[in-house]
Amino acid sequence: MAYQQQVTTVTTSSTRSSTWGSGICDCCADMNTCCCAYWCFPCFQCQTASQFGWCCCLPMMDCCMIVSCCLRKSIRERYGIEGDGCDDCVKVVCCYPCTWCQMSREIKQRSNQPQQATVITQQFLPAPMPAQAGYPPAQAPYAQTQPPYAPSQPSYGQGQAQYPGQY
């Protein structure tokens with residue numbers, strides 16, 4: 001049977017920057033973030049990880065700064081920010097609290113902006129069959145009115161062998 005493919009594409013976009021929304025030393029850009037990080041840094045880390053969708057306890061296992069580097073990399077990938085893992089690690093090692101403040105500001109800024117989305121749907125519809133000579137339009141040429149064979153009902157226990165080779 002032939003099929004027609006119907007494709008519908010809907011794209012919504014927003015202006016997304018490929019850079020961080022604030023610098024690493026822009027703590028004055030969001031004083032609430034800066035004060036929270038200054039007075040209770042572990043709580044601030046847990047809140048930032050949770051806002052990004054990570055487990056809130058994950059920053060407590062950041063003894064080697066691996067969690068911080070991975071979070072920064074994930075933020076860059078999700079929001080399309082340019083950079084690389086080496087740059088992330090250098091910034092985390094050199095200015096650990098400022099890096100966390102920058103990540104928190106970025107999550108806040110990006111969560112208030114609409115995301116870019118592309119939705120593609122495909123629907124396969126049966127193609128109309130052309131009318132063929134000799135067949136009624138409602139019946140296709142390959143349709144059968146009855147099965148090619150009718151299986152017989154087994155009759156066990158009536159003097160016949162129940163299993164092959166049994167007499």
# chains A, B, ... in the order shown; residues from 1 in each chain; ligands from 1
call {"tool": "residues_around", "arguments": {"residues": "range 41-49 of chain A", "least_positions_apart": "2", "cutoff": "10 Å", "atoms": "only C-alpha atoms", "output": "JSON, numbers by chain"}}
result
{"A": [33, 34, 35, 36, 37, 38, 39, 51, 52, 53, 54, 55, 56, 57, 58, 59, 60, 67, 68, 71, 97, 100, 101, 103, 104, 105, 107, 108]}
call {"tool": "write_last_selection", "arguments": {"atoms": "N, CA and C atoms", "output": "mmCIF file, in the first residue's frame"}}
result
data_model
loop_
_atom_site.group_PDB
_atom_site.id
_atom_site.type_symbol
_atom_site.label_atom_id
_atom_site.label_comp_id
_atom_site.auth_asym_id
_atom_site.auth_seq_id
_atom_site.Cartn_x
_atom_site.Cartn_y
_atom_site.Cartn_z
ATOM 1 N N THR A 33 22.505 37.395 45.036
ATOM 2 C CA THR A 33 23.339 36.223 44.781
ATOM 3 C C THR A 33 24.669 36.350 45.509
ATOM 4 N N CYS A 34 25.264 37.512 45.425
ATOM 5 C CA CYS A 34 26.566 37.744 46.051
ATOM 6 C C CYS A 34 26.475 37.595 47.572
ATOM 7 N N CYS A 35 25.454 38.172 48.180
ATOM 8 C CA CYS A 35 25.300 38.096 49.637
ATOM 9 C C CYS A 35 25.011 36.668 50.097
ATOM 10 N N CYS A 36 24.175 35.974 49.361
ATOM 11 C CA CYS A 36 23.867 34.583 49.705
ATOM 12 C C CYS A 36 25.129 33.737 49.644
ATOM 13 N N ALA A 37 25.936 33.935 48.611
ATOM 14 C CA ALA A 37 27.181 33.180 48.470
ATOM 15 C C ALA A 37 28.169 33.549 49.564
ATOM 16 N N TYR A 38 28.188 34.801 49.969
ATOM 17 C CA TYR A 38 29.142 35.248 50.984
ATOM 18 C C TYR A 38 28.791 34.710 52.370
ATOM 19 N N TRP A 39 27.516 34.744 52.730
ATOM 20 C CA TRP A 39 27.118 34.378 54.083
ATOM 21 C C TRP A 39 26.937 32.873 54.274
ATOM 22 N N GLN A 51 18.482 24.558 41.230
ATOM 23 C CA GLN A 51 17.830 25.391 40.210
ATOM 24 C C GLN A 51 18.170 24.912 38.807
ATOM 25 N N PHE A 52 19.339 24.325 38.648
ATOM 26 C CA PHE A 52 19.742 23.811 37.334
ATOM 27 C C PHE A 52 19.145 22.441 37.048
ATOM 28 N N GLY A 53 18.597 21.784 38.081
ATOM 29 C CA GLY A 53 17.989 20.476 37.893
ATOM 30 C C GLY A 53 18.853 19.338 38.391
ATOM 31 N N TRP A 54 19.940 19.638 39.043
ATOM 32 C CA TRP A 54 20.815 18.625 39.605
ATOM 33 C C TRP A 54 20.402 18.342 41.042
ATOM 34 N N CYS A 55 20.913 17.286 41.600
ATOM 35 C CA CYS A 55 20.673 16.954 43.005
ATOM 36 C C CYS A 55 21.277 18.051 43.875
ATOM 37 N N CYS A 56 20.509 18.521 44.840
ATOM 38 C CA CYS A 56 20.983 19.639 45.658
ATOM 39 C C CYS A 56 22.157 19.255 46.552
ATOM 40 N N CYS A 57 22.375 17.981 46.798
ATOM 41 C CA CYS A 57 23.488 17.545 47.650
ATOM 42 C C CYS A 57 24.790 17.323 46.876
ATOM 43 N N LEU A 58 24.732 17.375 45.573
ATOM 44 C CA LEU A 58 25.913 17.095 44.751
ATOM 45 C C LEU A 58 27.080 18.045 45.030
ATOM 46 N N PRO A 59 26.855 19.348 45.252
ATOM 47 C CA PRO A 59 28.002 20.223 45.541
ATOM 48 C C PRO A 59 28.739 19.868 46.829
ATOM 49 N N MET A 60 28.112 19.142 47.729
ATOM 50 C CA MET A 60 28.788 18.759 48.966
ATOM 51 C C MET A 60 29.887 17.731 48.706
ATOM 52 N N VAL A 67 32.785 18.466 40.476
ATOM 53 C CA VAL A 67 31.359 18.768 40.340
ATOM 54 C C VAL A 67 31.175 20.171 39.776
ATOM 55 N N SER A 68 31.982 21.131 40.249
ATOM 56 C CA SER A 68 31.887 22.510 39.765
ATOM 57 C C SER A 68 32.212 22.594 38.274
ATOM 58 N N LEU A 71 29.321 20.988 36.338
ATOM 59 C CA LEU A 71 28.138 21.853 36.317
ATOM 60 C C LEU A 71 28.343 23.004 35.345
ATOM 61 N N PRO A 97 34.454 30.847 44.279
ATOM 62 C CA PRO A 97 33.154 31.455 44.610
ATOM 63 C C PRO A 97 32.600 32.328 43.490
ATOM 64 N N TRP A 100 30.895 30.184 40.880
ATOM 65 C CA TRP A 100 29.568 29.745 41.313
ATOM 66 C C TRP A 100 28.560 30.886 41.209
ATOM 67 N N CYS A 101 28.970 32.090 41.561
ATOM 68 C CA CYS A 101 28.056 33.244 41.435
ATOM 69 C C CYS A 101 27.681 33.473 39.973
ATOM 70 N N MET A 103 27.622 31.224 37.573
ATOM 71 C CA MET A 103 26.728 30.144 37.142
ATOM 72 C C MET A 103 25.309 30.383 37.663
ATOM 73 N N SER A 104 25.196 30.835 38.904
ATOM 74 C CA SER A 104 23.875 31.103 39.473
ATOM 75 C C SER A 104 23.167 32.233 38.726
ATOM 76 N N ARG A 105 23.899 33.304 38.423
ATOM 77 C CA ARG A 105 23.302 34.425 37.669
ATOM 78 C C ARG A 105 22.843 33.966 36.288
ATOM 79 N N ILE A 107 21.919 30.915 35.348
ATOM 80 C CA ILE A 107 20.722 30.072 35.472
ATOM 81 C C ILE A 107 19.492 30.937 35.696
ATOM 82 N N LYS A 108 19.614 31.960 36.539
ATOM 83 C CA LYS A 108 18.484 32.870 36.784
ATOM 84 C C LYS A 108 18.084 33.616 35.516
#
call {"tool": "select_by_dssp", "arguments": {"residues": "range 76-129 of chain A", "states": "helix (DSSP H, G or I)", "output": "ChimeraX atom specification"}}
result
/A:76-79,85-94,96-111
call {"tool": "write_last_selection", "arguments": {"atoms": "N, CA and C atoms", "output": "mmCIF file, in the first residue's frame"}}
result
data_model
loop_
_atom_site.group_PDB
_atom_site.id
_atom_site.type_symbol
_atom_site.label_atom_id
_atom_site.label_comp_id
_atom_site.auth_asym_id
_atom_site.auth_seq_id
_atom_site.Cartn_x
_atom_site.Cartn_y
_atom_site.Cartn_z
ATOM 1 N N ARG A 76 27.053 25.512 30.110
ATOM 2 C CA ARG A 76 27.475 25.980 28.779
ATOM 3 C C ARG A 76 26.781 25.203 27.668
ATOM 4 N N GLU A 77 26.687 23.883 27.815
ATOM 5 C CA GLU A 77 26.066 23.068 26.771
ATOM 6 C C GLU A 77 24.575 23.331 26.661
ATOM 7 N N ARG A 78 23.884 23.447 27.790
ATOM 8 C CA ARG A 78 22.436 23.667 27.754
ATOM 9 C C ARG A 78 22.084 25.009 27.132
ATOM 10 N N TYR A 79 22.855 26.029 27.447
ATOM 11 C CA TYR A 79 22.527 27.372 26.981
ATOM 12 C C TYR A 79 23.312 27.803 25.756
ATOM 13 N N GLY A 85 36.272 22.849 28.363
ATOM 14 C CA GLY A 85 36.465 22.297 29.692
ATOM 15 C C GLY A 85 37.706 22.824 30.384
ATOM 16 N N CYS A 86 38.752 23.082 29.625
ATOM 17 C CA CYS A 86 39.994 23.588 30.209
ATOM 18 C C CYS A 86 39.759 24.978 30.803
ATOM 19 N N ASP A 87 39.076 25.838 30.061
ATOM 20 C CA ASP A 87 38.748 27.180 30.545
ATOM 21 C C ASP A 87 37.872 27.105 31.796
ATOM 22 N N ASP A 88 36.909 26.180 31.789
ATOM 23 C CA ASP A 88 36.040 26.001 32.960
ATOM 24 C C ASP A 88 36.862 25.630 34.187
ATOM 25 N N CYS A 89 37.763 24.685 34.043
ATOM 26 C CA CYS A 89 38.570 24.229 35.183
ATOM 27 C C CYS A 89 39.483 25.333 35.708
ATOM 28 N N VAL A 90 40.089 26.104 34.810
ATOM 29 C CA VAL A 90 40.973 27.189 35.239
ATOM 30 C C VAL A 90 40.188 28.218 36.040
ATOM 31 N N LYS A 91 38.991 28.575 35.570
ATOM 32 C CA LYS A 91 38.185 29.562 36.289
ATOM 33 C C LYS A 91 37.707 29.035 37.630
ATOM 34 N N VAL A 92 37.338 27.763 37.675
ATOM 35 C CA VAL A 92 36.888 27.174 38.939
ATOM 36 C C VAL A 92 38.031 27.141 39.947
ATOM 37 N N VAL A 93 39.228 26.775 39.510
ATOM 38 C CA VAL A 93 40.377 26.682 40.420
ATOM 39 C C VAL A 93 40.824 28.069 40.874
ATOM 40 N N CYS A 94 40.853 29.029 39.966
ATOM 41 C CA CYS A 94 41.375 30.359 40.309
ATOM 42 C C CYS A 94 40.389 31.195 41.121
ATOM 43 N N TYR A 96 36.923 30.189 42.705
ATOM 44 C CA TYR A 96 35.842 29.255 42.973
ATOM 45 C C TYR A 96 34.512 29.941 43.313
ATOM 46 N N PRO A 97 34.454 30.847 44.279
ATOM 47 C CA PRO A 97 33.154 31.455 44.610
ATOM 48 C C PRO A 97 32.600 32.328 43.490
ATOM 49 N N CYS A 98 33.474 33.050 42.806
ATOM 50 C CA CYS A 98 33.004 33.916 41.708
ATOM 51 C C CYS A 98 32.422 33.085 40.564
ATOM 52 N N THR A 99 33.008 31.917 40.318
ATOM 53 C CA THR A 99 32.502 31.031 39.276
ATOM 54 C C THR A 99 31.100 30.538 39.630
ATOM 55 N N TRP A 100 30.895 30.184 40.880
ATOM 56 C CA TRP A 100 29.568 29.745 41.313
ATOM 57 C C TRP A 100 28.560 30.886 41.209
ATOM 58 N N CYS A 101 28.970 32.090 41.561
ATOM 59 C CA CYS A 101 28.056 33.244 41.435
ATOM 60 C C CYS A 101 27.681 33.473 39.973
ATOM 61 N N GLN A 102 28.657 33.368 39.082
ATOM 62 C CA GLN A 102 28.375 33.542 37.654
ATOM 63 C C GLN A 102 27.415 32.471 37.152
ATOM 64 N N MET A 103 27.622 31.224 37.573
ATOM 65 C CA MET A 103 26.728 30.144 37.142
ATOM 66 C C MET A 103 25.309 30.383 37.663
ATOM 67 N N SER A 104 25.196 30.835 38.904
ATOM 68 C CA SER A 104 23.875 31.103 39.473
ATOM 69 C C SER A 104 23.167 32.233 38.726
ATOM 70 N N ARG A 105 23.899 33.304 38.423
ATOM 71 C CA ARG A 105 23.302 34.425 37.669
ATOM 72 C C ARG A 105 22.843 33.966 36.288
ATOM 73 N N GLU A 106 23.643 33.127 35.662
ATOM 74 C CA GLU A 106 23.295 32.637 34.317
ATOM 75 C C GLU A 106 22.031 31.790 34.356
ATOM 76 N N ILE A 107 21.919 30.915 35.348
ATOM 77 C CA ILE A 107 20.722 30.072 35.472
ATOM 78 C C ILE A 107 19.492 30.937 35.696
ATOM 79 N N LYS A 108 19.614 31.960 36.539
ATOM 80 C CA LYS A 108 18.484 32.870 36.784
ATOM 81 C C LYS A 108 18.084 33.616 35.516
ATOM 82 N N GLN A 109 19.072 34.153 34.804
ATOM 83 C CA GLN A 109 18.782 34.915 33.588
ATOM 84 C C GLN A 109 18.164 34.033 32.505
ATOM 85 N N ARG A 110 18.714 32.864 32.299
ATOM 86 C CA ARG A 110 18.241 31.990 31.216
ATOM 87 C C ARG A 110 16.908 31.328 31.553
ATOM 88 N N SER A 111 16.618 31.130 32.827
ATOM 89 C CA SER A 111 15.348 30.498 33.172
ATOM 90 C C SER A 111 14.177 31.453 32.947
#
call {"tool": "atom_distance", "arguments": {"atom1": "CA of Ser22 in chain A", "atom2": "CA of Cys70 in chain A"}}
result
19.3 Å
call {"tool": "select_by_dssp", "arguments": {"residues": "range 3-101 of chain A", "states": "strand (DSSP E or B)", "output": "PyMOL selection string"}}
result
chain A and resi 3-12
